[in-house]
Each structure stands twice: as C-alpha cells, then as structure tokens.
>>> print(open('run-v2.txt').read())   # compact mmCIF, C-alpha atoms and all ligand atoms
# COMPACT_ATOMS: atom_id res chain seq x y z
CA MET G 65 -65.87 -18.07 -14.47
CA ASP G 66 -68.80 -20.41 -14.86
CA PHE G 67 -68.76 -23.01 -12.12
CA SER G 68 -72.27 -24.25 -12.71
CA LEU G 69 -70.87 -27.64 -13.67
CA ALA G 70 -68.68 -27.96 -10.59
CA GLN G 71 -69.58 -31.15 -8.74
CA PRO G 72 -69.34 -31.82 -5.01
CA PRO G 73 -66.40 -34.05 -4.05
CA LYS G 74 -67.29 -37.73 -3.70
CA GLU G 75 -65.54 -37.99 -0.35
CA PRO G 76 -67.02 -35.96 2.51
CA LEU G 77 -64.70 -33.28 3.87
CA ARG G 78 -63.43 -34.57 7.21
CA HIS G 79 -60.71 -32.15 8.33
CA VAL G 80 -58.93 -29.15 6.78
CA LEU G 81 -55.26 -29.72 7.58
CA SER G 82 -53.15 -28.91 4.53
CA SER G 83 -53.66 -27.40 1.12
CA SER G 84 -52.17 -30.58 -0.37
CA GLN G 85 -55.47 -32.34 0.34
CA PHE G 86 -57.36 -30.30 -2.29
CA ASP G 87 -57.63 -30.87 -6.03
CA ARG G 88 -58.97 -28.73 -8.86
CA ALA G 89 -62.46 -30.20 -8.68
CA PHE G 90 -62.64 -29.32 -5.00
CA LEU G 91 -61.41 -25.77 -5.65
CA ASP G 92 -63.95 -25.18 -8.44
CA TYR G 93 -66.74 -26.54 -6.27
CA LEU G 94 -65.73 -24.39 -3.28
CA CYS G 95 -65.62 -21.26 -5.48
CA GLN G 96 -69.10 -21.99 -6.78
CA LEU G 97 -70.40 -22.67 -3.28
CA THR G 98 -68.84 -19.45 -2.01
CA ASN G 99 -70.52 -17.46 -4.80
CA THR G 100 -73.85 -18.87 -3.67
CA VAL G 101 -73.16 -18.09 0.01
CA ARG G 102 -72.43 -14.50 -1.05
CA ARG G 103 -75.72 -14.29 -2.91
CA PHE G 104 -77.61 -15.51 0.16
CA ASP G 105 -75.69 -13.03 2.28
CA LYS G 106 -77.13 -10.13 0.29
CA SER G 107 -80.71 -10.41 1.53
CA ARG G 108 -82.41 -10.63 4.91
CA GLU G 109 -84.24 -13.82 3.81
CA GLY G 110 -81.02 -15.35 2.55
CA LEU G 111 -79.22 -14.54 5.78
CA ALA G 112 -82.08 -15.94 7.85
CA TYR G 113 -81.89 -19.14 5.81
CA LEU G 114 -78.10 -19.46 6.24
CA GLY G 115 -78.44 -18.71 9.95
CA SER G 116 -80.86 -21.59 10.39
CA LEU G 117 -78.63 -24.22 8.80
CA LEU G 118 -76.22 -25.01 11.65
CA SER G 119 -77.86 -23.43 14.69
CA HIS G 120 -77.62 -26.81 16.46
CA LYS G 121 -73.78 -26.84 16.21
CA ARG G 122 -71.00 -25.43 18.38
CA ALA G 123 -67.43 -24.56 17.38
CA MET G 124 -64.25 -23.88 19.36
CA LEU G 125 -61.84 -21.24 18.09
CA TYR G 126 -58.52 -22.13 19.71
CA PHE G 127 -56.11 -19.42 18.60
CA THR G 128 -52.87 -19.32 20.56
CA GLN G 129 -51.11 -17.11 18.01
CA PRO G 130 -52.16 -13.54 17.24
CA SER G 131 -54.89 -13.18 14.65
CA THR G 132 -57.28 -10.51 13.45
CA ARG G 133 -58.68 -11.54 10.06
CA THR G 134 -58.62 -15.31 10.34
CA PHE G 135 -60.21 -15.25 13.78
CA LEU G 136 -62.86 -12.68 12.91
CA SER G 137 -63.73 -14.18 9.55
CA PHE G 138 -64.14 -17.66 11.06
CA HIS G 139 -66.13 -16.15 13.92
CA SER G 140 -68.32 -14.29 11.42
CA ALA G 141 -68.67 -17.39 9.23
CA CYS G 142 -69.91 -19.32 12.29
CA HIS G 143 -72.29 -16.48 13.00
CA ILE G 144 -73.63 -16.46 9.42
CA LEU G 145 -74.45 -20.18 9.70
CA GLY G 146 -75.91 -19.97 13.21
CA ILE G 147 -73.01 -21.89 14.81
CA THR G 148 -72.28 -20.90 18.42
CA ALA G 149 -68.57 -20.12 18.79
CA SER G 150 -66.42 -20.34 21.94
CA GLU G 151 -62.84 -19.16 22.04
CA ILE G 152 -59.48 -19.47 23.74
CA ARG G 153 -56.96 -16.95 22.50
CA ASP G 154 -54.22 -17.43 25.04
CA SER G 155 -53.17 -20.79 26.48
CA ALA G 156 -52.25 -18.95 29.70
CA THR G 157 -55.98 -18.66 30.41
CA SER G 158 -56.57 -22.42 30.07
CA SER G 159 -55.45 -25.43 32.07
CA GLU G 160 -52.32 -25.58 29.91
CA ARG G 161 -51.12 -23.06 32.47
CA LYS G 162 -51.52 -25.82 35.11
CA GLY G 163 -49.41 -28.20 33.06
CA GLU G 164 -52.09 -29.86 30.96
CA SER G 165 -50.77 -30.99 27.60
CA VAL G 166 -52.06 -29.24 24.49
CA GLU G 167 -53.33 -32.63 23.30
CA ASP G 168 -55.44 -33.09 26.44
CA SER G 169 -56.74 -29.52 26.08
CA LEU G 170 -57.81 -30.19 22.52
CA ARG G 171 -59.45 -33.47 23.50
CA THR G 172 -61.34 -31.57 26.18
CA PHE G 173 -62.73 -29.14 23.60
CA SER G 174 -64.06 -32.09 21.64
CA SER G 175 -66.25 -32.96 24.65
CA TYR G 176 -68.15 -29.71 24.27
CA VAL G 177 -68.11 -28.72 20.61
CA ASP G 178 -68.70 -30.17 17.15
CA LEU G 179 -65.74 -28.51 15.40
CA ILE G 180 -62.31 -27.18 16.41
CA ILE G 181 -60.74 -24.33 14.42
CA MET G 182 -57.16 -23.88 15.59
CA ARG G 183 -54.16 -21.65 15.10
CA SER G 184 -50.95 -22.57 16.86
CA PRO G 185 -47.24 -21.83 16.56
CA ILE G 186 -46.61 -25.60 16.43
CA ALA G 187 -46.23 -26.98 12.90
CA GLY G 188 -47.99 -30.34 12.58
CA LEU G 189 -50.18 -29.96 15.69
CA CYS G 190 -53.40 -29.93 13.63
CA GLU G 191 -52.55 -33.23 11.94
CA ARG G 192 -51.62 -34.77 15.30
CA THR G 193 -54.84 -33.54 16.86
CA ALA G 194 -56.93 -34.87 13.99
CA ARG G 195 -55.32 -38.31 14.35
CA LEU G 196 -55.74 -38.23 18.11
CA LEU G 197 -59.41 -37.28 17.97
CA ASP G 198 -60.16 -39.71 15.16
CA ALA G 199 -59.21 -42.46 17.59
CA THR G 200 -61.69 -41.24 20.26
CA PRO G 201 -65.48 -41.60 20.51
CA ARG G 202 -65.88 -37.88 19.59
CA PRO G 203 -63.81 -37.37 16.45
CA VAL G 204 -64.74 -33.76 15.71
CA PRO G 205 -63.38 -32.07 12.55
CA ILE G 206 -60.20 -30.00 12.87
CA VAL G 207 -59.56 -26.89 10.78
CA ASN G 208 -56.01 -25.60 10.46
CA ALA G 209 -56.21 -21.81 10.74
CA GLY G 210 -52.41 -21.43 10.66
CA SER G 211 -49.80 -23.91 11.90
CA GLY G 212 -46.59 -22.04 12.72
CA PRO G 213 -44.47 -21.34 9.64
CA ASP G 214 -45.86 -24.43 7.95
CA GLU G 215 -49.34 -24.09 6.44
CA HIS G 216 -52.41 -21.88 6.31
CA PRO G 217 -54.76 -23.81 4.03
CA THR G 218 -57.92 -21.74 4.51
CA GLN G 219 -56.00 -18.56 3.63
CA ALA G 220 -54.87 -20.29 0.44
CA LEU G 221 -58.49 -21.23 -0.34
CA LEU G 222 -59.64 -17.63 0.01
CA ASP G 223 -56.66 -16.51 -2.06
CA ILE G 224 -57.70 -18.92 -4.81
CA TYR G 225 -61.26 -17.60 -4.63
CA THR G 226 -60.01 -14.00 -4.87
CA LEU G 227 -57.71 -14.81 -7.78
CA THR G 228 -60.48 -16.70 -9.56
CA ARG G 229 -62.91 -13.83 -9.19
CA SER G 230 -60.40 -11.13 -10.03
CA LEU G 231 -59.25 -12.98 -13.16
CA ARG G 232 -62.69 -14.18 -14.25
CA MET G 233 -62.85 -11.96 -17.32
CA ARG G 234 -59.47 -13.32 -18.42
CA GLY G 235 -60.19 -17.04 -18.19
CA GLY G 236 -59.36 -17.53 -14.51
CA ILE G 237 -56.08 -18.69 -13.01
CA ASP G 238 -55.07 -21.08 -15.82
CA GLY G 239 -52.17 -19.77 -17.88
CA LYS G 240 -51.36 -16.88 -15.54
CA THR G 241 -48.09 -15.71 -14.03
CA ILE G 242 -48.25 -15.24 -10.26
CA CYS G 243 -45.44 -13.39 -8.51
CA MET G 244 -44.99 -14.06 -4.78
CA VAL G 245 -42.85 -11.61 -2.85
CA GLY G 246 -41.38 -11.34 0.65
CA ASP G 247 -40.53 -13.92 3.28
CA LEU G 248 -41.12 -17.00 1.16
CA ARG G 249 -39.19 -19.24 3.53
CA ARG G 250 -41.38 -18.82 6.62
CA GLY G 251 -44.55 -17.37 5.11
CA ARG G 252 -47.16 -20.09 5.58
CA THR G 253 -49.63 -18.36 3.25
CA VAL G 254 -47.12 -18.59 0.40
CA ARG G 255 -46.40 -22.23 1.17
CA SER G 256 -50.08 -23.19 1.13
CA LEU G 257 -51.04 -21.05 -1.88
CA ALA G 258 -48.13 -22.21 -4.06
CA ARG G 259 -49.26 -25.81 -3.50
CA LEU G 260 -52.81 -24.97 -4.55
CA LEU G 261 -51.66 -23.13 -7.68
CA ALA G 262 -50.11 -26.38 -8.88
CA ASN G 263 -53.70 -27.57 -9.52
CA TYR G 264 -54.12 -25.07 -12.38
CA LYS G 265 -53.03 -25.41 -16.00
CA ASP G 266 -49.95 -23.62 -17.32
CA VAL G 267 -49.45 -21.46 -14.27
CA ARG G 268 -46.02 -19.96 -13.72
CA ILE G 269 -44.91 -18.79 -10.29
CA ILE G 270 -42.15 -16.23 -9.87
CA PHE G 271 -40.82 -16.21 -6.32
CA SER G 272 -39.06 -12.91 -5.63
CA SER G 273 -37.34 -12.45 -2.29
CA PRO G 274 -34.10 -11.47 -0.63
CA PRO G 275 -31.72 -14.46 -0.84
CA ALA G 276 -32.19 -15.31 2.87
CA PHE G 277 -35.95 -15.72 2.42
CA ARG G 278 -36.12 -18.02 -0.61
CA ILE G 279 -38.63 -20.88 -0.49
CA ALA G 280 -37.72 -23.82 1.73
CA GLU G 281 -36.36 -27.03 0.28
CA ASP G 282 -39.51 -29.07 1.04
CA LEU G 283 -41.73 -26.66 -0.93
CA ARG G 284 -39.23 -26.54 -3.80
CA ALA G 285 -39.26 -30.35 -3.98
CA ASP G 286 -43.07 -30.56 -3.73
CA LEU G 287 -43.54 -28.02 -6.52
CA ALA G 288 -40.96 -29.71 -8.72
CA ALA G 289 -42.85 -32.99 -8.27
CA THR G 290 -46.10 -31.39 -9.50
CA GLY G 291 -44.47 -30.11 -12.68
CA ILE G 292 -45.60 -26.50 -12.16
CA ALA G 293 -43.28 -23.92 -13.73
CA PHE G 294 -41.58 -21.78 -11.11
CA GLU G 295 -38.49 -19.64 -10.81
CA GLU G 296 -36.72 -17.80 -8.02
CA THR G 297 -35.29 -14.36 -8.52
CA ASP G 298 -34.14 -11.32 -6.62
CA ALA G 299 -35.07 -9.12 -9.60
CA PHE G 300 -38.22 -7.71 -8.01
CA LEU G 301 -38.96 -5.05 -10.64
CA THR G 302 -38.73 -7.42 -13.57
CA ALA G 303 -40.87 -9.98 -11.76
CA ILE G 304 -43.73 -7.65 -10.86
CA ALA G 305 -43.85 -6.25 -14.39
CA GLU G 306 -44.46 -9.74 -15.82
CA ALA G 307 -47.09 -10.77 -13.29
CA ASP G 308 -50.84 -11.17 -13.77
CA ALA G 309 -51.09 -11.28 -9.98
CA ILE G 310 -48.68 -10.09 -7.30
CA TYR G 311 -48.89 -11.66 -3.85
CA MET G 312 -47.03 -9.50 -1.34
CA THR G 313 -46.11 -10.79 2.13
CA ARG G 314 -44.36 -9.42 5.20
CA ILE G 315 -41.15 -10.58 6.86
CA GLN G 316 -42.15 -13.24 9.42
CA ASP G 317 -39.72 -12.19 12.13
CA GLU G 318 -41.72 -13.83 14.94
CA TYR G 319 -39.98 -17.09 13.97
CA ASP G 320 -36.34 -18.02 14.58
CA ILE G 321 -35.02 -14.47 14.40
CA GLY G 322 -31.62 -14.63 12.77
CA PRO G 323 -29.07 -12.11 11.56
CA GLU G 324 -31.13 -11.57 8.39
CA ASP G 325 -34.17 -10.27 10.26
CA GLY G 326 -34.60 -6.66 11.18
CA ALA G 327 -31.03 -5.57 10.59
CA LYS G 328 -31.38 -5.39 6.82
CA ASP G 329 -33.17 -3.02 4.54
CA TYR G 330 -35.67 -4.92 2.37
CA SER G 331 -37.12 -1.85 0.71
CA ASN G 332 -36.06 -3.25 -2.69
CA TYR G 333 -38.91 -5.73 -2.23
CA HIS G 334 -41.56 -3.20 -1.28
CA LEU G 335 -44.43 -2.45 -3.65
CA LYS G 336 -44.79 1.30 -3.83
CA ALA G 337 -47.13 3.68 -5.64
CA GLU G 338 -44.26 4.56 -7.98
CA HIS G 339 -44.28 0.95 -9.27
CA LEU G 340 -47.91 1.02 -10.39
CA GLY G 341 -47.06 2.31 -13.86
CA ALA G 342 -44.78 -0.68 -14.47
CA LEU G 343 -47.47 -3.28 -13.65
CA LYS G 344 -49.87 -4.80 -16.17
CA SER G 345 -52.96 -2.63 -16.46
CA ASP G 346 -55.11 -5.51 -15.22
CA ALA G 347 -52.69 -6.99 -12.70
CA VAL G 348 -54.19 -8.21 -9.41
CA ILE G 349 -52.47 -7.01 -6.23
CA MET G 350 -52.98 -9.21 -3.19
CA HIS G 351 -51.65 -9.50 0.36
CA PRO G 352 -52.85 -11.85 3.13
CA LEU G 353 -52.38 -8.92 5.56
CA PRO G 354 -51.29 -7.67 8.05
CA ARG G 355 -48.88 -5.47 6.11
CA ARG G 356 -45.94 -3.45 7.21
CA ASP G 357 -43.87 -1.33 4.83
CA GLU G 358 -43.88 -3.85 1.98
CA LEU G 359 -47.19 -2.57 0.61
CA ASP G 360 -47.66 1.16 0.30
CA PRO G 361 -51.13 2.30 1.56
CA ALA G 362 -51.11 4.79 -1.33
CA ILE G 363 -51.88 1.76 -3.55
CA ASP G 364 -55.15 1.02 -1.72
CA HIS G 365 -57.22 3.16 -4.09
CA ASP G 366 -55.81 1.63 -7.26
CA PRO G 367 -58.46 -0.60 -8.89
CA ARG G 368 -55.87 -3.40 -9.09
CA ALA G 369 -55.58 -3.56 -5.29
CA LYS G 370 -57.71 -6.52 -4.19
CA TYR G 371 -56.49 -7.15 -0.65
CA TRP G 372 -59.43 -5.60 1.17
CA ARG G 373 -61.81 -7.70 -0.89
CA GLN G 374 -59.53 -10.66 -0.29
CA GLU G 375 -59.99 -10.36 3.47
CA ARG G 376 -63.78 -10.05 3.14
CA ASN G 377 -63.85 -13.04 0.78
CA GLY G 378 -62.30 -15.00 3.65
CA MET G 379 -65.54 -14.87 5.58
CA TRP G 380 -67.61 -16.30 2.72
CA VAL G 381 -65.08 -18.95 1.72
CA ARG G 382 -64.87 -20.07 5.35
CA ALA G 383 -68.66 -20.18 5.65
CA ALA G 384 -68.81 -22.31 2.48
CA LEU G 385 -66.11 -24.60 3.88
CA LEU G 386 -68.02 -25.03 7.14
CA THR G 387 -71.12 -26.18 5.26
CA MET G 388 -68.94 -28.81 3.59
CA LEU G 389 -67.44 -29.93 6.91
CA PHE G 390 -70.94 -30.43 8.30
CA GLY G 391 -72.13 -32.10 5.10
CA ILE G 392 -74.90 -29.59 4.39
CA ASP G 393 -73.40 -27.91 1.32
CA ASP G 394 -76.18 -29.44 -0.80
CA ARG G 395 -78.53 -27.04 1.00
CA ILE G 396 -76.63 -24.06 -0.44
CA GLN G 397 -77.35 -25.19 -3.99
CA LEU G 398 -80.64 -23.31 -4.20
CA PRO G 399 -81.52 -20.96 -7.05
CA GLU G 400 -81.18 -17.23 -6.44
CA LEU G 401 -83.57 -15.83 -3.87
C1 LIG G 501 -51.17 -14.33 7.73
C2 LIG G 501 -50.80 -15.36 8.76
O1 LIG G 501 -51.22 -15.29 9.92
O2 LIG G 501 -50.11 -16.27 8.38
N1 LIG G 501 -52.25 -13.54 8.09
C3 LIG G 501 -53.52 -14.00 7.91
O3 LIG G 501 -53.91 -15.06 8.37
N2 LIG G 501 -54.33 -13.25 7.15
C4 LIG G 501 -50.01 -13.58 7.22
C5 LIG G 501 -49.09 -12.92 8.19
O4 LIG G 501 -49.30 -12.93 9.39
O5 LIG G 501 -48.13 -12.34 7.70
>>> encode(input="run-v2.txt", output="structure tokens")
Amino acid sequence: MDFSLAQPPKEPLRHVLSSSQFDRAFLDYLCQLTNTVRRFDKSREGLAYLGSLLSHKRAMLYFTQPSTRTFLSFHSACHILGITASEIRDSATSSERKGESVEDSLRTFSSYVDLIIMRSPIAGLCERTARLLDATPRPVPIVNAGSGPDEHPTQALLDIYTLTRSLRMRGGIDGKTICMVGDLRRGRTVRSLARLLANYKDVRIIFSSPPAFRIAEDLRADLAATGIAFEETDAFLTAIAEADAIYMTRIQDEYDIGPEDGAKDYSNYHLKAEHLGALKSDAVIMHPLPRRDELDPAIDHDPRAKYWRQERNGMWVRAALLTMLFGIDDRIQLPEL
C-alpha cells in the first residue's frame, strides 16, 4: 500500500481510549508513520535519532491485569523513543492496598510522569481517568492498553497495521472478508478490531463462535449502525474457507465464568494444521496471543501465519502512536536514512 499521501490528523491526539475514536485517515497515517519508524529502527543512526526524540519524557505503565506482549511492546516502544518507563503491575504493591482509590492512584502517577499507559479489569476506567485528569492542572494523556472485556484499541491498531501489510499486494483491507473466531462476546481485541474494520470499504466480517460466545448486543448494534456487512455463524469450516484473513482468539474464561466455560469442548472452533488445505492460498492467519488449543503450533511455519509478526508490529505501531501523543510525529517524516 502506498501511504505517501496520508496526512496527519488535524486534531492532535490527546488520549487513546477506544477504537471508535479513529477514522480511516488516522489509520492510513498511523500505518505510514509506523513504516517509517520501522525503517529508522533498522540502523544504528536511525535508532539513535528515535532515542533522542522523547528522552525528556517519562511514562507510567500501570498494568493490573496480566500482560506479556502489550506490556513489553509498550515498554520497548518507550525505550526506542528514549522515554523513561516506570511500572506497577500489581495494585497490591501500591497504596491501593492501604485503601487508596484507583482514581487517586492514577492522579498520583500524573504528578510524576507525562503519560499513563494502563491495563485494568475495569471497563470504562480509562475514560473516567482521562476525564478526571483533564480537569486537573496535570492532564497527562491516557492510553488504554486493555479495559476488562471492553476494549483494546492499541491491539486493534496493530492488527490493522498487520492486515494492511499482509494484504498490501492485494489492495489492502478494502473488499476483504475477515473471519473472527472464538470468544467474541468477551474478547476485547475482537470488539476493538471489528469497530476499526468498519472504516474500510466493502469489508465483510464473518463472526464464527460457539452460540454462547456470539458478539455482544452493543457491538452488534454499533456495527449495524456503520453499515458494515457482517454475519454470525457456527459453521467454522465454511467461514475459514471464505476468509482472506482469519483472526483466532482464545476463550476469555477469566471473566464471569459461567456454565459455558471450561466444561465444553470447543475443538470445533480450533484451527488445526489439517485445515490449512481448505484455506485460501494467500489467507492471512492472525491471533492477538496468548493462544491455547485454538491455534495449532504446527501452523507456525506456514507462510500464511502472521501472528509472530503481528506481535512484533505492536512495538512499532505503539512507538508511532507515542510520537503522535507527544505531538512529534512530524519529526518521523524524514526521508530514508
Ligand atoms: C489479548 C488481551 O489481553 O486482550 N492479548 C494481548 O493483548 N495481546 C488477548 C487475550 O488475552 O486473549
């Protein structure tokens, strides 16, 4: 895809709270910016340049839910740009343990840092924090790195980047069929990505899941309002055979465990090596990871498997996003080194 004409958004990026805040122009610009960050990342001079850009800034990584990729890729993105990162990964090690409210904890971080990147089991906490801090003398930007079963906007941005790159020889995401599989009800990556896909032309989403894990009513209504074509099916094999991209997800049984979780066999919704022959020869296989049994490791060596690249892309997309949050993305617009 040629993004050379992508223009920076007119409005500065203030917070990253929900994927609903992004439009196509933003997505094209972010993809272009990320490509440039990657180019800089390839040379010692480029890395030294990136590392000088935000060495006067500090970030807080407040992650009170487990995380490997999102935490490490944000941490690495900070590192790439020279940002000093502090972290809390367990509220039991902070004054929340002494009864301090999470709001007061977050306000405290804003006294010491210039940016808060947060993952929490509480849906809506990022929005609340952003509003709270906006009303204080230190309104630092908030980045939602996963808000319970609700949203995971930066994962969706890196998924869009991965899709765009993987489909670049075929005209990009426009006109493609994307099949999303697994726990579509509580999977925040699915919820955020489906909303972003609605920005593309003639995209069709096939949601394939066990009946108990169909998309939630709010997402169904939001998608219907955008006019994007989508369907829900339990016919997994038919769905994956039609797809240009398959987005596998795991069962999110850390939330409201009900009779449907654990007790049932969902192997009908697992992508196995034996399915590869039925997929399009240029299908893109993605997964936000971590995986369990739904994605057979025997697929890892198939050229259509893009999930390891997807996780590495997360670091560059997040670095690009941080330059936008600090309003220095124009300094990434340099010609190739
Ligand atoms: C996802 C998450 O935390 O929502 N992982 C991630 O950020 N890469 C998906 C998951 O945990 O299933």
>>> closest_residue(input="run-v2.txt", among="G:Arg314, G:His79, G:Arg192, G:Arg368", to="ligand LIG 501 (chain G)", atoms="only C-alpha atoms and all ligand atoms")
G:Arg314
>>> closest_atom_pairs(input="run-v2.txt", of="chain G", to="ligand LIG 501 (chain G)", cutoff="10 Å", atoms="all atoms listed in the file", output="Markdown table")
| residue | atom | partner | partner_atom | distance |
| --- | --- | --- | --- | --- |
| G:Gln129 | CA | G:LIG501 | O1 | 8.3 |
| G:Pro130 | CA | G:LIG501 | O1 | 7.6 |
| G:Ser131 | CA | G:LIG501 | O1 | 6.3 |
| G:Thr132 | CA | G:LIG501 | N2 | 7.5 |
| G:Arg133 | CA | G:LIG501 | N2 | 5.5 |
| G:Thr134 | CA | G:LIG501 | O3 | 5.1 |
| G:Phe135 | CA | G:LIG501 | O3 | 8.3 |
| G:Ser137 | CA | G:LIG501 | N2 | 9.7 |
| G:Arg183 | CA | G:LIG501 | O1 | 8.7 |
| G:Ala209 | CA | G:LIG501 | O3 | 7.5 |
| G:Gly210 | CA | G:LIG501 | O2 | 6.1 |
| G:Ser211 | CA | G:LIG501 | O2 | 8.4 |
| G:Gly212 | CA | G:LIG501 | O2 | 8.0 |
| G:Pro213 | CA | G:LIG501 | O2 | 7.7 |
| G:Asp214 | CA | G:LIG501 | O2 | 9.2 |
| G:Glu215 | CA | G:LIG501 | O2 | 8.1 |
| G:His216 | CA | G:LIG501 | O2 | 6.4 |
| G:Pro217 | CA | G:LIG501 | O3 | 9.8 |
| G:Thr218 | CA | G:LIG501 | O3 | 8.7 |
| G:Gln219 | CA | G:LIG501 | O3 | 6.3 |
| G:Ala220 | CA | G:LIG501 | O3 | 9.5 |
| G:Leu222 | CA | G:LIG501 | N2 | 9.9 |
| G:Gly246 | CA | G:LIG501 | O5 | 9.8 |
| G:Asp247 | CA | G:LIG501 | O5 | 8.9 |
| G:Arg250 | CA | G:LIG501 | O2 | 9.3 |
| G:Gly251 | CA | G:LIG501 | O2 | 6.5 |
| G:Arg252 | CA | G:LIG501 | O2 | 5.6 |
| G:Thr253 | CA | G:LIG501 | O2 | 5.6 |
| G:Val254 | CA | G:LIG501 | O2 | 8.8 |
| G:Met312 | CA | G:LIG501 | O5 | 9.5 |
| G:Thr313 | CA | G:LIG501 | O5 | 6.1 |
| G:Arg314 | CA | G:LIG501 | O5 | 5.4 |
| G:Ile315 | CA | G:LIG501 | O5 | 7.2 |
| G:Gln316 | CA | G:LIG501 | O5 | 6.3 |
| G:Asp317 | CA | G:LIG501 | O5 | 9.5 |
| G:Glu318 | CA | G:LIG501 | O4 | 9.4 |
| G:His351 | CA | G:LIG501 | C4 | 8.1 |
| G:Pro352 | CA | G:LIG501 | N2 | 4.5 |
| G:Leu353 | CA | G:LIG501 | N2 | 5.0 |
| G:Pro354 | CA | G:LIG501 | O5 | 5.6 |
| G:Arg355 | CA | G:LIG501 | O5 | 7.1 |
| G:Arg356 | CA | G:LIG501 | O5 | 9.2 |
| G:Gln374 | CA | G:LIG501 | N2 | 9.4 |
| G:Glu375 | CA | G:LIG501 | N2 | 7.3 |
| G:Gly378 | CA | G:LIG501 | N2 | 8.9 |
>>> atom_distance(input="run-v2.txt", atom1="CA of Asp286 in chain G", atom2="CA of Ala187 in chain G")
17.3 Å
>>> residues_around(input="run-v2.txt", residues="Thr98 in chain G", least_positions_apart="5", cutoff="12 Å", atoms="only C-alpha atoms", output="ChimeraX atom specification")
/G:67,91-93,103-105,141,221-222,224-226,228-229,376-388,393,396-397
>>> closest_residue(input="run-v2.txt", among="G:Arg373, G:Arg259, G:Arg268, G:Arg202", to="Arg284 in chain G", atoms="only C-alpha atoms")
G:Arg259
>>> atom_distance(input="run-v2.txt", atom1="CA of Ile206 in chain G", atom2="CA of Ile181 in chain G")
5.9 Å
>>> closest_residue(input="run-v2.txt", among="G:Phe173, G:Tyr319, G:Phe271, G:Phe90", to="Pro185 in chain G", atoms="all atoms listed in the file")
G:Tyr319
>>> residues_around(input="run-v2.txt", residues="Ile269 in chain G", least_positions_apart="6", cutoff="9 Å", atoms="all atoms listed in the file", output="mmCIF file with C-alpha atoms, keeping the file's coordinate frame")
data_model
loop_
_atom_site.group_PDB
_atom_site.id
_atom_site.type_symbol
_atom_site.label_atom_id
_atom_site.label_comp_id
_atom_site.auth_asym_id
_atom_site.auth_seq_id
_atom_site.Cartn_x
_atom_site.Cartn_y
_atom_site.Cartn_z
ATOM 1 C CA LYS G 240 -51.360 -16.880 -15.540
ATOM 2 C CA THR G 241 -48.090 -15.710 -14.030
ATOM 3 C CA ILE G 242 -48.250 -15.240 -10.260
ATOM 4 C CA CYS G 243 -45.440 -13.390 -8.510
ATOM 5 C CA MET G 244 -44.990 -14.060 -4.780
ATOM 6 C CA ALA G 258 -48.130 -22.210 -4.060
ATOM 7 C CA LEU G 261 -51.660 -23.130 -7.680
ATOM 8 C CA ILE G 292 -45.600 -26.500 -12.160
ATOM 9 C CA ALA G 293 -43.280 -23.920 -13.730
ATOM 10 C CA PHE G 294 -41.580 -21.780 -11.110
ATOM 11 C CA GLU G 295 -38.490 -19.640 -10.810
ATOM 12 C CA GLU G 296 -36.720 -17.800 -8.020
ATOM 13 C CA ALA G 307 -47.090 -10.770 -13.290
#
>>> closest_residue(input="run-v2.txt", among="G:Ala347, G:Tyr330, G:Val245, G:Lys336", to="Ala305 in chain G", atoms="only C-alpha atoms")
G:Ala347
>>> build_atoms(input="run-v2.txt", residues="range 80-93 of chain G", atoms="N, CA and C atoms", output="PDB file, in the coordinates of the input")
ATOM      1  N   VAL G  80     -59.700 -30.027   7.672  1.00  0.00           N
ATOM      2  CA  VAL G  80     -58.930 -29.150   6.780  1.00  0.00           C
ATOM      3  C   VAL G  80     -57.560 -28.976   7.425  1.00  0.00           C
ATOM      4  N   LEU G  81     -56.561 -29.684   6.923  1.00  0.00           N
ATOM      5  CA  LEU G  81     -55.260 -29.720   7.580  1.00  0.00           C
ATOM      6  C   LEU G  81     -54.159 -29.108   6.729  1.00  0.00           C
ATOM      7  N   SER G  82     -54.229 -29.347   5.422  1.00  0.00           N
ATOM      8  CA  SER G  82     -53.150 -28.910   4.530  1.00  0.00           C
ATOM      9  C   SER G  82     -53.719 -28.628   3.164  1.00  0.00           C
ATOM     10  N   SER G  83     -53.120 -27.677   2.450  1.00  0.00           N
ATOM     11  CA  SER G  83     -53.660 -27.400   1.120  1.00  0.00           C
ATOM     12  C   SER G  83     -53.385 -28.554   0.156  1.00  0.00           C
ATOM     13  N   SER G  84     -52.456 -29.427   0.508  1.00  0.00           N
ATOM     14  CA  SER G  84     -52.170 -30.580  -0.370  1.00  0.00           C
ATOM     15  C   SER G  84     -53.369 -31.509  -0.501  1.00  0.00           C
ATOM     16  N   GLN G  85     -54.337 -31.405   0.400  1.00  0.00           N
ATOM     17  CA  GLN G  85     -55.470 -32.340   0.340  1.00  0.00           C
ATOM     18  C   GLN G  85     -56.492 -31.949  -0.733  1.00  0.00           C
ATOM     19  N   PHE G  86     -56.343 -30.770  -1.355  1.00  0.00           N
ATOM     20  CA  PHE G  86     -57.360 -30.300  -2.290  1.00  0.00           C
ATOM     21  C   PHE G  86     -56.945 -30.447  -3.748  1.00  0.00           C
ATOM     22  N   ASP G  87     -57.911 -30.802  -4.598  1.00  0.00           N
ATOM     23  CA  ASP G  87     -57.630 -30.870  -6.030  1.00  0.00           C
ATOM     24  C   ASP G  87     -58.465 -29.810  -6.761  1.00  0.00           C
ATOM     25  N   ARG G  88     -58.296 -29.758  -8.065  1.00  0.00           N
ATOM     26  CA  ARG G  88     -58.970 -28.730  -8.860  1.00  0.00           C
ATOM     27  C   ARG G  88     -60.486 -28.815  -8.750  1.00  0.00           C
ATOM     28  N   ALA G  89     -61.005 -30.046  -8.760  1.00  0.00           N
ATOM     29  CA  ALA G  89     -62.460 -30.200  -8.680  1.00  0.00           C
ATOM     30  C   ALA G  89     -62.977 -29.620  -7.366  1.00  0.00           C
ATOM     31  N   PHE G  90     -62.235 -29.867  -6.293  1.00  0.00           N
ATOM     32  CA  PHE G  90     -62.640 -29.320  -5.000  1.00  0.00           C
ATOM     33  C   PHE G  90     -62.625 -27.793  -5.049  1.00  0.00           C
ATOM     34  N   LEU G  91     -61.560 -27.234  -5.625  1.00  0.00           N
ATOM     35  CA  LEU G  91     -61.410 -25.770  -5.650  1.00  0.00           C
ATOM     36  C   LEU G  91     -62.537 -25.130  -6.467  1.00  0.00           C
ATOM     37  N   ASP G  92     -62.862 -25.726  -7.603  1.00  0.00           N
ATOM     38  CA  ASP G  92     -63.950 -25.180  -8.440  1.00  0.00           C
ATOM     39  C   ASP G  92     -65.279 -25.249  -7.686  1.00  0.00           C
ATOM     40  N   TYR G  93     -65.484 -26.379  -7.009  1.00  0.00           N
ATOM     41  CA  TYR G  93     -66.740 -26.540  -6.270  1.00  0.00           C
ATOM     42  C   TYR G  93     -66.826 -25.513  -5.135  1.00  0.00           C
TER      43      TYR G  93
END
